[in-house]
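*Asks:* The file below is query_23.json, JSON, C-alpha atoms:
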[["chain", "number", "residue", "atom", "x", "y", "z"],
["Q", 1, "MET", "CA", -47.74, -6.07, -56.74],
["Q", 2, "ALA", "CA", -46.37, -7.78, -53.65],
["Q", 3, "THR", "CA", -42.88, -6.80, -52.55],
["Q", 4, "SER", "CA", -40.23, -9.47, -52.07],
["Q", 5, "MET", "CA", -40.58, -9.02, -48.30],
["Q", 6, "GLU", "CA", -44.33, -9.61, -48.48],
["Q", 7, "ARG", "CA", -43.65, -12.78, -50.47],
["Q", 8, "ARG", "CA", -41.09, -13.87, -47.87],
["Q", 9, "LEU", "CA", -43.61, -13.37, -45.08],
["Q", 10, "ARG", "CA", -46.40, -15.19, -46.94],
["Q", 11, "MET", "CA", -44.15, -18.17, -47.62],
["Q", 12, "ALA", "CA", -42.91, -18.22, -44.04],
["Q", 13, "ASN", "CA", -46.43, -18.06, -42.64],
["Q", 14, "HIS", "CA", -47.26, -21.33, -44.45],
["Q", 15, "ASN", "CA", -44.71, -23.02, -42.18],
["Q", 16, "THR", "CA", -46.51, -25.39, -39.85],
["Q", 17, "GLY", "CA", -43.58, -26.24, -37.56],
["Q", 18, "HIS", "CA", -43.98, -26.54, -33.82],
["Q", 19, "ALA", "CA", -43.33, -23.67, -31.46],
["Q", 20, "ALA", "CA", -40.14, -23.74, -29.40],
["Q", 21, "PRO", "CA", -40.36, -24.91, -25.80],
["Q", 22, "ALA", "CA", -40.44, -22.40, -22.99],
["Q", 23, "ALA", "CA", -37.12, -21.05, -21.68],
["Q", 24, "SER", "CA", -37.44, -23.28, -18.60],
["Q", 25, "THR", "CA", -37.20, -26.37, -20.82],
["Q", 26, "VAL", "CA", -34.26, -25.27, -22.95],
["Q", 27, "PRO", "CA", -32.39, -28.38, -24.13],
["Q", 28, "PRO", "CA", -28.59, -28.58, -23.80],
["Q", 29, "VAL", "CA", -27.58, -26.84, -27.03],
["Q", 30, "ALA", "CA", -24.62, -24.59, -27.85],
["Q", 31, "TRP", "CA", -24.93, -20.88, -28.58],
["Q", 32, "ILE", "CA", -22.60, -18.11, -29.74],
["Q", 33, "ASP", "CA", -23.26, -14.56, -28.52],
["Q", 34, "ILE", "CA", -21.99, -12.42, -31.40],
["Q", 35, "GLY", "CA", -22.14, -9.12, -29.51],
["Q", 36, "ILE", "CA", -21.25, -8.52, -25.87],
["Q", 37, "ASN", "CA", -19.64, -5.40, -24.39],
["Q", 38, "LEU", "CA", -17.62, -7.44, -21.91],
["Q", 39, "ALA", "CA", -15.05, -4.68, -21.45],
["Q", 40, "HIS", "CA", -17.77, -2.44, -19.97],
["Q", 41, "ASP", "CA", -17.13, -1.17, -16.44],
["Q", 42, "SER", "CA", -20.28, -2.89, -15.15],
["Q", 43, "PHE", "CA", -18.53, -6.24, -15.60],
["Q", 44, "ALA", "CA", -15.32, -5.24, -13.81],
["Q", 45, "ALA", "CA", -16.21, -6.81, -10.46],
["Q", 46, "ASP", "CA", -17.39, -10.20, -11.69],
["Q", 47, "ARG", "CA", -16.26, -10.64, -15.30],
["Q", 48, "ASP", "CA", -14.97, -14.20, -14.78],
["Q", 49, "ALA", "CA", -18.24, -15.18, -13.10],
["Q", 50, "VAL", "CA", -20.19, -13.70, -16.04],
["Q", 51, "ILE", "CA", -18.18, -15.84, -18.45],
["Q", 52, "ALA", "CA", -18.72, -18.93, -16.27],
["Q", 53, "ARG", "CA", -22.48, -18.33, -16.07],
["Q", 54, "ALA", "CA", -22.63, -17.95, -19.84],
["Q", 55, "GLN", "CA", -20.85, -21.24, -20.42],
["Q", 56, "ALA", "CA", -23.11, -22.96, -17.87],
["Q", 57, "ALA", "CA", -26.09, -21.67, -19.88],
["Q", 58, "GLY", "CA", -24.71, -23.15, -23.09],
["Q", 59, "VAL", "CA", -23.16, -19.98, -24.49],
["Q", 60, "VAL", "CA", -19.90, -21.59, -25.49],
["Q", 61, "GLN", "CA", -18.27, -18.67, -27.32],
["Q", 62, "MET", "CA", -18.68, -14.90, -27.44],
["Q", 63, "VAL", "CA", -17.55, -11.98, -29.58],
["Q", 64, "VAL", "CA", -16.49, -9.00, -27.46],
["Q", 65, "THR", "CA", -17.35, -5.69, -29.09],
["Q", 66, "GLY", "CA", -14.77, -2.97, -29.64],
["Q", 67, "SER", "CA", -16.35, 0.47, -29.93],
["Q", 68, "SER", "CA", -13.32, 2.72, -29.39],
["Q", 69, "ALA", "CA", -9.55, 2.33, -29.35],
["Q", 70, "ALA", "CA", -9.60, 1.68, -25.59],
["Q", 71, "SER", "CA", -12.45, -0.85, -25.65],
["Q", 72, "THR", "CA", -10.89, -2.60, -28.65],
["Q", 73, "ARG", "CA", -7.62, -2.99, -26.78],
["Q", 74, "ALA", "CA", -9.53, -4.36, -23.80],
["Q", 75, "ALA", "CA", -11.53, -6.73, -26.03],
["Q", 76, "VAL", "CA", -8.33, -8.11, -27.55],
["Q", 77, "GLU", "CA", -6.82, -8.65, -24.09],
["Q", 78, "LEU", "CA", -9.93, -10.50, -22.95],
["Q", 79, "ALA", "CA", -9.81, -12.70, -26.03],
["Q", 80, "ARG", "CA", -6.16, -13.48, -25.38],
["Q", 81, "ALA", "CA", -6.99, -14.40, -21.78],
["Q", 82, "HIS", "CA", -9.75, -16.77, -22.94],
["Q", 83, "PRO", "CA", -8.49, -18.34, -26.19],
["Q", 84, "ARG", "CA", -11.06, -20.09, -28.39],
["Q", 85, "ARG", "CA", -13.82, -18.90, -26.03],
["Q", 86, "LEU", "CA", -13.73, -15.13, -26.53],
["Q", 87, "PHE", "CA", -13.05, -13.20, -29.73],
["Q", 88, "ALA", "CA", -12.90, -9.46, -30.42],
["Q", 89, "THR", "CA", -13.99, -6.82, -32.89],
["Q", 90, "ALA", "CA", -11.92, -3.71, -33.60],
["Q", 91, "GLY", "CA", -13.74, -0.50, -34.35],
["Q", 92, "VAL", "CA", -15.06, 2.95, -33.55],
["Q", 93, "HIS", "CA", -18.76, 3.31, -32.75],
["Q", 94, "PRO", "CA", -20.47, 6.29, -34.44],
["Q", 95, "HIS", "CA", -20.80, 7.92, -31.01],
["Q", 96, "HIS", "CA", -16.99, 8.16, -31.00],
["Q", 97, "ALA", "CA", -16.57, 9.11, -34.65],
["Q", 98, "GLN", "CA", -15.39, 12.61, -33.73],
["Q", 99, "GLU", "CA", -12.26, 10.96, -32.33],
["Q", 100, "TRP", "CA", -11.26, 9.63, -35.76],
["Q", 101, "SER", "CA", -7.76, 10.69, -36.80],
["Q", 102, "ALA", "CA", -4.79, 9.39, -38.74],
["Q", 103, "GLU", "CA", -3.29, 8.15, -35.48],
["Q", 104, "LEU", "CA", -6.48, 6.33, -34.50],
["Q", 105, "ALA", "CA", -6.75, 4.82, -37.97],
["Q", 106, "SER", "CA", -3.19, 3.52, -37.68],
["Q", 107, "GLU", "CA", -3.83, 2.00, -34.25],
["Q", 108, "LEU", "CA", -7.07, 0.40, -35.39],
["Q", 109, "SER", "CA", -5.32, -1.07, -38.42],
["Q", 110, "ALA", "CA", -2.70, -2.65, -36.15],
["Q", 111, "LEU", "CA", -5.36, -4.02, -33.82],
["Q", 112, "ALA", "CA", -7.32, -5.39, -36.78],
["Q", 113, "SER", "CA", -4.35, -7.57, -37.69],
["Q", 114, "CYS", "CA", -4.47, -9.39, -34.34],
["Q", 115, "PRO", "CA", -5.62, -13.00, -34.73],
["Q", 116, "GLU", "CA", -8.11, -12.51, -31.89],
["Q", 117, "VAL", "CA", -9.96, -9.89, -33.96],
["Q", 118, "VAL", "CA", -12.66, -11.49, -36.09],
["Q", 119, "ALA", "CA", -14.41, -8.36, -37.43],
["Q", 120, "ILE", "CA", -14.13, -4.61, -37.92],
["Q", 121, "GLY", "CA", -16.59, -2.55, -35.93],
["Q", 122, "GLU", "CA", -18.78, -1.67, -34.21],
["Q", 123, "CYS", "CA", -19.07, 0.92, -36.95],
["Q", 124, "GLY", "CA", -21.86, 2.66, -38.82],
["Q", 125, "LEU", "CA", -24.20, 5.61, -38.32],
["Q", 126, "ASP", "CA", -26.34, 6.76, -35.38],
["Q", 127, "TYR", "CA", -28.42, 9.87, -36.02],
["Q", 128, "TYR", "CA", -30.66, 9.17, -33.01],
["Q", 129, "ARG", "CA", -28.32, 10.87, -30.58],
["Q", 130, "ASN", "CA", -25.73, 12.43, -32.90],
["Q", 131, "LEU", "CA", -23.07, 12.34, -30.19],
["Q", 132, "SER", "CA", -20.70, 12.88, -33.11],
["Q", 133, "ALA", "CA", -21.64, 15.09, -36.05],
["Q", 134, "PRO", "CA", -23.16, 13.14, -38.98],
["Q", 135, "VAL", "CA", -20.33, 14.23, -41.28],
["Q", 136, "ALA", "CA", -17.78, 12.81, -38.84],
["Q", 137, "GLN", "CA", -19.80, 9.60, -38.57],
["Q", 138, "ARG", "CA", -19.88, 9.15, -42.33],
["Q", 139, "GLU", "CA", -16.14, 9.72, -42.62],
["Q", 140, "ALA", "CA", -15.31, 7.19, -39.89],
["Q", 141, "PHE", "CA", -17.74, 4.68, -41.43],
["Q", 142, "HIS", "CA", -16.14, 4.98, -44.89],
["Q", 143, "ARG", "CA", -12.65, 4.56, -43.45],
["Q", 144, "GLN", "CA", -13.57, 1.49, -41.39],
["Q", 145, "LEU", "CA", -15.21, -0.20, -44.36],
["Q", 146, "GLU", "CA", -11.99, 0.42, -46.28],
["Q", 147, "LEU", "CA", -10.03, -1.07, -43.38],
["Q", 148, "ALA", "CA", -12.26, -4.16, -43.38],
["Q", 149, "ALA", "CA", -11.61, -4.66, -47.09],
["Q", 150, "VAL", "CA", -7.84, -4.41, -46.61],
["Q", 151, "ALA", "CA", -7.87, -6.65, -43.52],
["Q", 152, "GLY", "CA", -10.10, -9.20, -45.22],
["Q", 153, "LYS", "CA", -12.40, -9.31, -42.20],
["Q", 154, "PRO", "CA", -16.19, -8.90, -41.97],
["Q", 155, "VAL", "CA", -17.94, -5.86, -40.55],
["Q", 156, "PHE", "CA", -19.99, -5.51, -37.35],
["Q", 157, "LEU", "CA", -22.51, -2.82, -38.27],
["Q", 158, "HIS", "CA", -24.53, -0.28, -36.27],
["Q", 159, "GLN", "CA", -27.41, 1.78, -37.66],
["Q", 160, "ARG", "CA", -29.99, 3.89, -35.87],
["Q", 161, "ASP", "CA", -32.22, 6.49, -37.52],
["Q", 162, "ALA", "CA", -29.77, 6.73, -40.43],
["Q", 163, "HIS", "CA", -30.96, 4.04, -42.83],
["Q", 164, "ALA", "CA", -30.69, 5.96, -46.12],
["Q", 165, "ASP", "CA", -27.13, 7.21, -45.58],
["Q", 166, "PHE", "CA", -26.09, 3.90, -44.02],
["Q", 167, "VAL", "CA", -27.27, 1.88, -47.02],
["Q", 168, "ALA", "CA", -25.81, 4.34, -49.53],
["Q", 169, "ILE", "CA", -22.35, 4.08, -47.96],
["Q", 170, "LEU", "CA", -22.61, 0.33, -47.52],
["Q", 171, "ARG", "CA", -23.60, -0.17, -51.17],
["Q", 172, "GLU", "CA", -20.53, 1.79, -52.20],
["Q", 173, "HIS", "CA", -18.25, -0.64, -50.37],
["Q", 174, "ARG", "CA", -20.23, -3.89, -50.33],
["Q", 175, "SER", "CA", -18.40, -5.60, -53.20],
["Q", 176, "THR", "CA", -15.07, -5.23, -51.36],
["Q", 177, "LEU", "CA", -16.29, -6.75, -48.07],
["Q", 178, "THR", "CA", -16.00, -10.39, -47.07],
["Q", 179, "GLY", "CA", -19.27, -10.17, -45.15],
["Q", 180, "ALA", "CA", -21.22, -8.12, -42.61],
["Q", 181, "VAL", "CA", -23.79, -8.39, -39.87],
["Q", 182, "ALA", "CA", -26.44, -5.80, -39.05],
["Q", 183, "HIS", "CA", -25.91, -5.79, -35.28],
["Q", 184, "CYS", "CA", -28.95, -5.38, -33.03],
["Q", 185, "PHE", "CA", -31.55, -5.18, -35.79],
["Q", 186, "THR", "CA", -34.64, -3.30, -34.60],
["Q", 187, "GLY", "CA", -35.83, -1.89, -37.91],
["Q", 188, "THR", "CA", -38.78, -2.15, -40.26],
["Q", 189, "ALA", "CA", -39.75, -4.77, -42.82],
["Q", 190, "ALA", "CA", -38.45, -2.51, -45.59],
["Q", 191, "GLU", "CA", -35.10, -2.09, -43.85],
["Q", 192, "LEU", "CA", -34.85, -5.83, -43.30],
["Q", 193, "GLU", "CA", -35.58, -6.50, -46.96],
["Q", 194, "CYS", "CA", -32.81, -4.08, -47.94],
["Q", 195, "TYR", "CA", -30.28, -5.70, -45.60],
["Q", 196, "LEU", "CA", -31.14, -9.19, -46.81],
["Q", 197, "GLU", "CA", -30.69, -8.09, -50.41],
["Q", 198, "LEU", "CA", -27.24, -6.78, -49.43],
["Q", 199, "GLN", "CA", -26.52, -10.29, -48.09],
["Q", 200, "LEU", "CA", -26.09, -9.07, -44.52],
["Q", 201, "PHE", "CA", -26.45, -11.34, -41.55],
["Q", 202, "ILE", "CA", -29.10, -10.12, -39.10],
["Q", 203, "GLY", "CA", -28.30, -9.93, -35.38],
["Q", 204, "ILE", "CA", -31.30, -10.21, -33.05],
["Q", 205, "THR", "CA", -31.16, -9.12, -29.40],
["Q", 206, "GLY", "CA", -33.50, -9.02, -26.42],
["Q", 207, "TRP", "CA", -35.29, -6.11, -28.09],
["Q", 208, "ILE", "CA", -37.66, -8.77, -29.43],
["Q", 209, "CYS", "CA", -38.66, -9.54, -25.80],
["Q", 210, "ASP", "CA", -39.94, -5.99, -25.26],
["Q", 211, "GLU", "CA", -43.68, -5.87, -25.91],
["Q", 212, "ARG", "CA", -43.58, -2.07, -26.05],
["Q", 213, "ARG", "CA", -40.79, -1.54, -28.58],
["Q", 214, "GLY", "CA", -40.07, -4.92, -30.12],
["Q", 215, "ALA", "CA", -43.45, -6.41, -31.01],
["Q", 216, "HIS", "CA", -42.98, -5.46, -34.67],
["Q", 217, "LEU", "CA", -39.96, -7.77, -34.85],
["Q", 218, "VAL", "CA", -41.94, -10.93, -34.07],
["Q", 219, "PRO", "CA", -43.62, -11.35, -37.50],
["Q", 220, "LEU", "CA", -40.36, -10.42, -39.24],
["Q", 221, "MET", "CA", -38.45, -13.36, -37.76],
["Q", 222, "ARG", "CA", -39.87, -15.80, -40.30],
["Q", 223, "ALA", "CA", -38.68, -13.61, -43.16],
["Q", 224, "ILE", "CA", -35.01, -13.98, -42.18],
["Q", 225, "PRO", "CA", -33.41, -16.91, -44.00],
["Q", 226, "ALA", "CA", -31.91, -19.45, -41.60],
["Q", 227, "GLN", "CA", -28.49, -18.91, -43.16],
["Q", 228, "GLN", "CA", -28.55, -15.16, -42.37],
["Q", 229, "LEU", "CA", -29.68, -15.14, -38.73],
["Q", 230, "MET", "CA", -27.52, -14.56, -35.64],
["Q", 231, "LEU", "CA", -28.19, -13.97, -31.94],
["Q", 232, "GLU", "CA", -26.63, -11.55, -29.46],
["Q", 233, "THR", "CA", -27.27, -10.00, -26.08],
["Q", 234, "ASP", "CA", -25.47, -6.63, -26.55],
["Q", 235, "SER", "CA", -24.98, -6.89, -22.80],
["Q", 236, "PRO", "CA", -24.83, -5.12, -20.43],
["Q", 237, "TYR", "CA", -27.51, -3.30, -22.45],
["Q", 238, "LEU", "CA", -30.93, -4.52, -23.61],
["Q", 239, "MET", "CA", -31.80, -6.96, -20.86],
["Q", 240, "PRO", "CA", -34.90, -8.89, -22.01],
["Q", 241, "ARG", "CA", -37.87, -7.04, -20.57],
["Q", 242, "ASP", "CA", -39.81, -10.26, -19.90],
["Q", 243, "LEU", "CA", -36.98, -12.00, -18.04],
["Q", 244, "GLN", "CA", -38.17, -13.57, -14.78],
["Q", 245, "PRO", "CA", -36.99, -13.27, -12.13],
["Q", 246, "ARG", "CA", -35.68, -9.85, -13.05],
["Q", 247, "PRO", "CA", -32.07, -9.34, -11.91],
["Q", 248, "VAL", "CA", -31.73, -6.69, -9.22],
["Q", 249, "SER", "CA", -28.77, -5.18, -11.09],
["Q", 250, "ARG", "CA", -30.89, -4.79, -14.27],
["Q", 251, "ARG", "CA", -27.69, -5.69, -16.11],
["Q", 252, "ASN", "CA", -27.93, -7.90, -19.15],
["Q", 253, "GLU", "CA", -25.37, -10.69, -19.57],
["Q", 254, "PRO", "CA", -24.65, -13.48, -22.05],
["Q", 255, "ALA", "CA", -26.22, -16.17, -19.85],
["Q", 256, "TYR", "CA", -29.58, -14.73, -20.94],
["Q", 257, "LEU", "CA", -28.98, -15.52, -24.63],
["Q", 258, "PRO", "CA", -31.06, -18.75, -24.44],
["Q", 259, "HIS", "CA", -34.00, -16.66, -23.22],
["Q", 260, "ILE", "CA", -33.71, -14.46, -26.32],
["Q", 261, "ALA", "CA", -33.32, -17.57, -28.44],
["Q", 262, "ALA", "CA", -36.57, -19.01, -27.07],
["Q", 263, "ALA", "CA", -38.44, -15.88, -28.19],
["Q", 264, "VAL", "CA", -36.89, -16.02, -31.66],
["Q", 265, "ALA", "CA", -37.54, -19.75, -32.04],
["Q", 266, "HIS", "CA", -41.16, -19.27, -30.99],
["Q", 267, "ALA", "CA", -41.59, -16.47, -33.54],
["Q", 268, "ARG", "CA", -40.09, -18.67, -36.25],
["Q", 269, "SER", "CA", -42.07, -21.78, -35.18],
["Q", 270, "GLU", "CA", -38.93, -23.85, -34.98],
["Q", 271, "THR", "CA", -37.11, -25.79, -32.31],
["Q", 272, "LEU", "CA", -34.35, -24.36, -30.18],
["Q", 273, "ALA", "CA", -32.06, -27.12, -31.44],
["Q", 274, "LYS", "CA", -32.49, -25.98, -35.06],
["Q", 275, "LEU", "CA", -32.09, -22.33, -34.18],
["Q", 276, "ALA", "CA", -28.94, -23.07, -32.21],
["Q", 277, "GLN", "CA", -27.46, -25.08, -35.06],
["Q", 278, "ASP", "CA", -28.25, -22.45, -37.69],
["Q", 279, "THR", "CA", -27.15, -19.37, -35.75],
["Q", 280, "THR", "CA", -24.01, -21.02, -34.41],
["Q", 281, "ASP", "CA", -23.03, -22.24, -37.88],
["Q", 282, "ASN", "CA", -23.61, -18.74, -39.23],
["Q", 283, "ALA", "CA", -21.37, -17.17, -36.59],
["Q", 284, "ARG", "CA", -18.63, -19.69, -37.28],
["Q", 285, "ARG", "CA", -18.89, -19.05, -41.02],
["Q", 286, "LEU", "CA", -18.81, -15.25, -40.87],
["Q", 287, "PHE", "CA", -16.23, -14.82, -38.11],
["Q", 288, "HIS", "CA", -14.20, -18.00, -38.74],
["Q", 289, "ILE", "CA", -14.76, -19.10, -35.14],
["Q", 290, "PRO", "CA", -13.38, -22.60, -34.45],
["Q", 291, "ARG", "CA", -15.39, -25.32, -32.79],
["Q", 292, "VAL", "CA", -14.72, -26.14, -29.15],
["Q", 293, "ASN", "CA", -15.24, -29.30, -27.18]]
Show how you would write the structure in this file as structure tokens.
*Replies:*
Amino acid sequence: MATSMERRLRMANHNTGHAAPAASTVPPVAWIDIGINLAHDSFAADRDAVIARAQAAGVVQMVVTGSSAASTRAAVELARAHPRRLFATAGVHPHHAQEWSAELASELSALASCPEVVAIGECGLDYYRNLSAPVAQREAFHRQLELAAVAGKPVFLHQRDAHADFVAILREHRSTLTGAVAHCFTGTAAELECYLELQLFIGITGWICDERRGAHLVPLMRAIPAQQLMLETDSPYLMPRDLQPRPVSRRNEPAYLPHIAAAVAHARSETLAKLAQDTTDNARRLFHIPRVN
């Protein structure tokens, strides 16, 4: 018997829409980058120029990721400096889960109440590197999902090599959450099916542009409902491997989001205009991001 994911893929493959134009012919559409580590040190020297280049490329708004107390504070300050253009998340990445304490929980709760904060996270599980012990990761994940429920804000989720535990914990809390996005999805068809059933949004990055590691994502793009798809760069990480010319710095930045979008639109056999409309509407709906002129 066919799984629901197989049925999704079969139905999607009957779509006869036209492929998206090449990146060089990107029309003037508006994008929202839902995940950028703009507080990262690599942006210190030219952060304002990075923001300007993003806006020139049509990336009109961005969500700055908080992955520790320090980066969350920095993300909030950036959002305050660029109102209605930048927004922040407040959270502790699983790499930093060992730092979780009552004091950190209290600070994160206060930061979560800031109007600039539109989500809790980046939080979740990462057993790939285990920079924090798995037990510490699970504890921090539970506590941040509880915080999201109390704050009434969605969750910005991270999962790597920890699918079973991640889903088990998420199922425990899902009914109390206003919404969630699986940030930087790079998983399998089975994982995607699970996340869609949990009504998660799916964040796609430049990983899809990597023919070595991301080729498996291409056929999965059609299985993601339009109302559950989002785009992100995760910069300065994950620069699209097929980007030409290749920046000397090898640093990813939000101005490259339209390049990622072109790959996703091509995989979905839809226009960039439709993809921009859908993904931007989704970001506004989940994060309550206002429209800008």
*Asks:* One decimal, in Å: what's the spacing between CA of Ala255 in chain Q and CA of Arg80 in chain Q?
*Replies:* 21.0 Å
*Asks:* What's the 7 Å shell around range 72-78 of chain Q, counting all atoms listed in the file, without same-chain residues fewer than 3 positions away, as a ChimeraX atom specification?
*Replies:* /Q:39,64-69,81-82,86,88-91,116-117
*Asks:* Could you dump the residues just selected with C-alpha atoms as a PDB file, in the coordinates of the input?
*Replies:*
ATOM      1  CA  ALA Q  39     -15.050  -4.680 -21.450  1.00  0.00           C
ATOM      2  CA  VAL Q  64     -16.490  -9.000 -27.460  1.00  0.00           C
ATOM      3  CA  THR Q  65     -17.350  -5.690 -29.090  1.00  0.00           C
ATOM      4  CA  GLY Q  66     -14.770  -2.970 -29.640  1.00  0.00           C
ATOM      5  CA  SER Q  67     -16.350   0.470 -29.930  1.00  0.00           C
ATOM      6  CA  SER Q  68     -13.320   2.720 -29.390  1.00  0.00           C
ATOM      7  CA  ALA Q  69      -9.550   2.330 -29.350  1.00  0.00           C
ATOM      8  CA  ALA Q  81      -6.990 -14.400 -21.780  1.00  0.00           C
ATOM      9  CA  HIS Q  82      -9.750 -16.770 -22.940  1.00  0.00           C
ATOM     10  CA  LEU Q  86     -13.730 -15.130 -26.530  1.00  0.00           C
ATOM     11  CA  ALA Q  88     -12.900  -9.460 -30.420  1.00  0.00           C
ATOM     12  CA  THR Q  89     -13.990  -6.820 -32.890  1.00  0.00           C
ATOM     13  CA  ALA Q  90     -11.920  -3.710 -33.600  1.00  0.00           C
ATOM     14  CA  GLY Q  91     -13.740  -0.500 -34.350  1.00  0.00           C
ATOM     15  CA  GLU Q 116      -8.110 -12.510 -31.890  1.00  0.00           C
ATOM     16  CA  VAL Q 117      -9.960  -9.890 -33.960  1.00  0.00           C
TER      17      VAL Q 117
END
*Asks:* Any idea what's packed within 7 Å of Ala151 in chain Q, counting only C-alpha atoms, ignoring anything in its chain fewer than 2 positions away? Could you give it as a list in words?
*Replies:* Ala112, Ser113, Leu147, Ala148, Ala149 and Lys153 of chain Q
*Asks:* How many Å lie between CA of Gln98 in chain Q and CA of Ala133 in chain Q, rounded to one decimal?
*Replies:* 7.1 Å
*Asks:* So that all listed atoms of range 207-214 of chain Q fit with 4 Å spare on each side, what axis-aligned box centre and edge lengths in Å, to one decimal, would you give as JSON?
*Replies:*
{"center_x": -39.5, "center_y": -5.5, "center_z": -27.7, "size_x": 16.4, "size_y": 16.0, "size_z": 12.9}
*Asks:* Expressed in Å to a single decimal, how great is the separation between CA of Thr233 in chain Q and CA of Val29 in chain Q?
*Replies:*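 Those two atoms sit 16.9 Å apart.
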*Asks:* Using all atoms listed in the file, determine which residues lie at most 12 Å from Cys123 in chain Q, disregarding the query and same-chain residues fewer than 4 positions distant; provide the list as a PDB file with C-alpha atoms, keeping the file's coordinate frame.
*Replies:*
ATOM      1  CA  THR Q  65     -17.350  -5.690 -29.090  1.00  0.00           C
ATOM      2  CA  GLY Q  66     -14.770  -2.970 -29.640  1.00  0.00           C
ATOM      3  CA  SER Q  67     -16.350   0.470 -29.930  1.00  0.00           C
ATOM      4  CA  SER Q  68     -13.320   2.720 -29.390  1.00  0.00           C
ATOM      5  CA  THR Q  89     -13.990  -6.820 -32.890  1.00  0.00           C
ATOM      6  CA  ALA Q  90     -11.920  -3.710 -33.600  1.00  0.00           C
ATOM      7  CA  GLY Q  91     -13.740  -0.500 -34.350  1.00  0.00           C
ATOM      8  CA  VAL Q  92     -15.060   2.950 -33.550  1.00  0.00           C
ATOM      9  CA  HIS Q  93     -18.760   3.310 -32.750  1.00  0.00           C
ATOM     10  CA  PRO Q  94     -20.470   6.290 -34.440  1.00  0.00           C
ATOM     11  CA  HIS Q  95     -20.800   7.920 -31.010  1.00  0.00           C
ATOM     12  CA  HIS Q  96     -16.990   8.160 -31.000  1.00  0.00           C
ATOM     13  CA  ALA Q  97     -16.570   9.110 -34.650  1.00  0.00           C
ATOM     14  CA  TRP Q 100     -11.260   9.630 -35.760  1.00  0.00           C
ATOM     15  CA  ALA Q 119     -14.410  -8.360 -37.430  1.00  0.00           C
ATOM     16  CA  GLN Q 137     -19.800   9.600 -38.570  1.00  0.00           C
ATOM     17  CA  ARG Q 138     -19.880   9.150 -42.330  1.00  0.00           C
ATOM     18  CA  GLU Q 139     -16.140   9.720 -42.620  1.00  0.00           C
ATOM     19  CA  ALA Q 140     -15.310   7.190 -39.890  1.00  0.00           C
ATOM     20  CA  PHE Q 141     -17.740   4.680 -41.430  1.00  0.00           C
ATOM     21  CA  HIS Q 142     -16.140   4.980 -44.890  1.00  0.00           C
ATOM     22  CA  ARG Q 143     -12.650   4.560 -43.450  1.00  0.00           C
ATOM     23  CA  GLN Q 144     -13.570   1.490 -41.390  1.00  0.00           C
ATOM     24  CA  LEU Q 145     -15.210  -0.200 -44.360  1.00  0.00           C
ATOM     25  CA  GLU Q 146     -11.990   0.420 -46.280  1.00  0.00           C
ATOM     26  CA  LEU Q 147     -10.030  -1.070 -43.380  1.00  0.00           C
ATOM     27  CA  ALA Q 148     -12.260  -4.160 -43.380  1.00  0.00           C
ATOM     28  CA  PRO Q 154     -16.190  -8.900 -41.970  1.00  0.00           C
ATOM     29  CA  VAL Q 155     -17.940  -5.860 -40.550  1.00  0.00           C
ATOM     30  CA  PHE Q 156     -19.990  -5.510 -37.350  1.00  0.00           C
ATOM     31  CA  LEU Q 157     -22.510  -2.820 -38.270  1.00  0.00           C
ATOM     32  CA  HIS Q 158     -24.530  -0.280 -36.270  1.00  0.00           C
ATOM     33  CA  GLN Q 159     -27.410   1.780 -37.660  1.00  0.00           C
ATOM     34  CA  ARG Q 160     -29.990   3.890 -35.870  1.00  0.00           C
ATOM     35  CA  PHE Q 166     -26.090   3.900 -44.020  1.00  0.00           C
ATOM     36  CA  ILE Q 169     -22.350   4.080 -47.960  1.00  0.00           C
ATOM     37  CA  LEU Q 170     -22.610   0.330 -47.520  1.00  0.00           C
ATOM     38  CA  ALA Q 180     -21.220  -8.120 -42.610  1.00  0.00           C
ATOM     39  CA  VAL Q 181     -23.790  -8.390 -39.870  1.00  0.00           C
ATOM     40  CA  ALA Q 182     -26.440  -5.800 -39.050  1.00  0.00           C
ATOM     41  CA  HIS Q 183     -25.910  -5.790 -35.280  1.00  0.00           C
TER      42      HIS Q 183
END
*Asks:* Q:Ala263, Q:Ala54, Q:Leu196, Q:Ala164: which is nearest Gly214 in chain Q, counting only C-alpha atoms?
*Replies:*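 Ranked by minimum distance to Gly214 in chain Q, first place goes to Q:Ala263.
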*Asks:* Pick from Q:Ala70, Q:Ala223, Q:Leu131, Q:Ala30: nearest to Ala273 in chain Q, with only C-alpha atoms counted?
*Replies:*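 Of Q:Ala70, Q:Ala223, Q:Leu131, Q:Ala30, the one nearest Ala273 in chain Q, counting only C-alpha atoms, is Q:Ala30.
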*Asks:* List every protein, DNA or RNA residue that has at least one atom no more than 12 Å from (-28.1, -10.3, -53.0) in the file's coordinates, counting all atoms listed in the file, and write the result as JSON, numbers by chain.
*Replies:* {"Q": [171, 174, 175, 179, 193, 194, 195, 196, 197, 198, 199, 200, 201, 228]}
*Asks:* Nearest to Gly58 in chain Q: which of Q:Pro236, Q:Pro254, Q:Pro134, Q:Gly35 is it, counting only C-alpha atoms?
*Replies:* Q:Pro254
*Asks:* Rank nothing, just name the residue among Q:Ile204, Q:Leu177, Q:Val60, Q:Leu229 nearest to Leu217 in chain Q, using all atoms listed in the file.
*Replies:*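 Among the listed residues, the smallest separation from Leu217 in chain Q belongs to Q:Ile204.
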*Asks:* Do you know which residues are at most 9 Å from Glu253 in chain Q counting only C-alpha atoms, after dropping those on the same chain fewer than 4 positions away, and could you put them as a list in words?
*Replies:* Ile36, Leu38, Val50, Ile51, Arg53, Ala54, Thr233, Asp234, Ser235, Pro236, Tyr237, Met239 and Leu257 of chain Q
*Asks:* For Ile224 in chain Q, which residue among Q:Asp126, Q:Glu172, Q:Asp278, Q:Asp210 is the nearest when counting only C-alpha atoms?
*Replies:* Q:Asp278
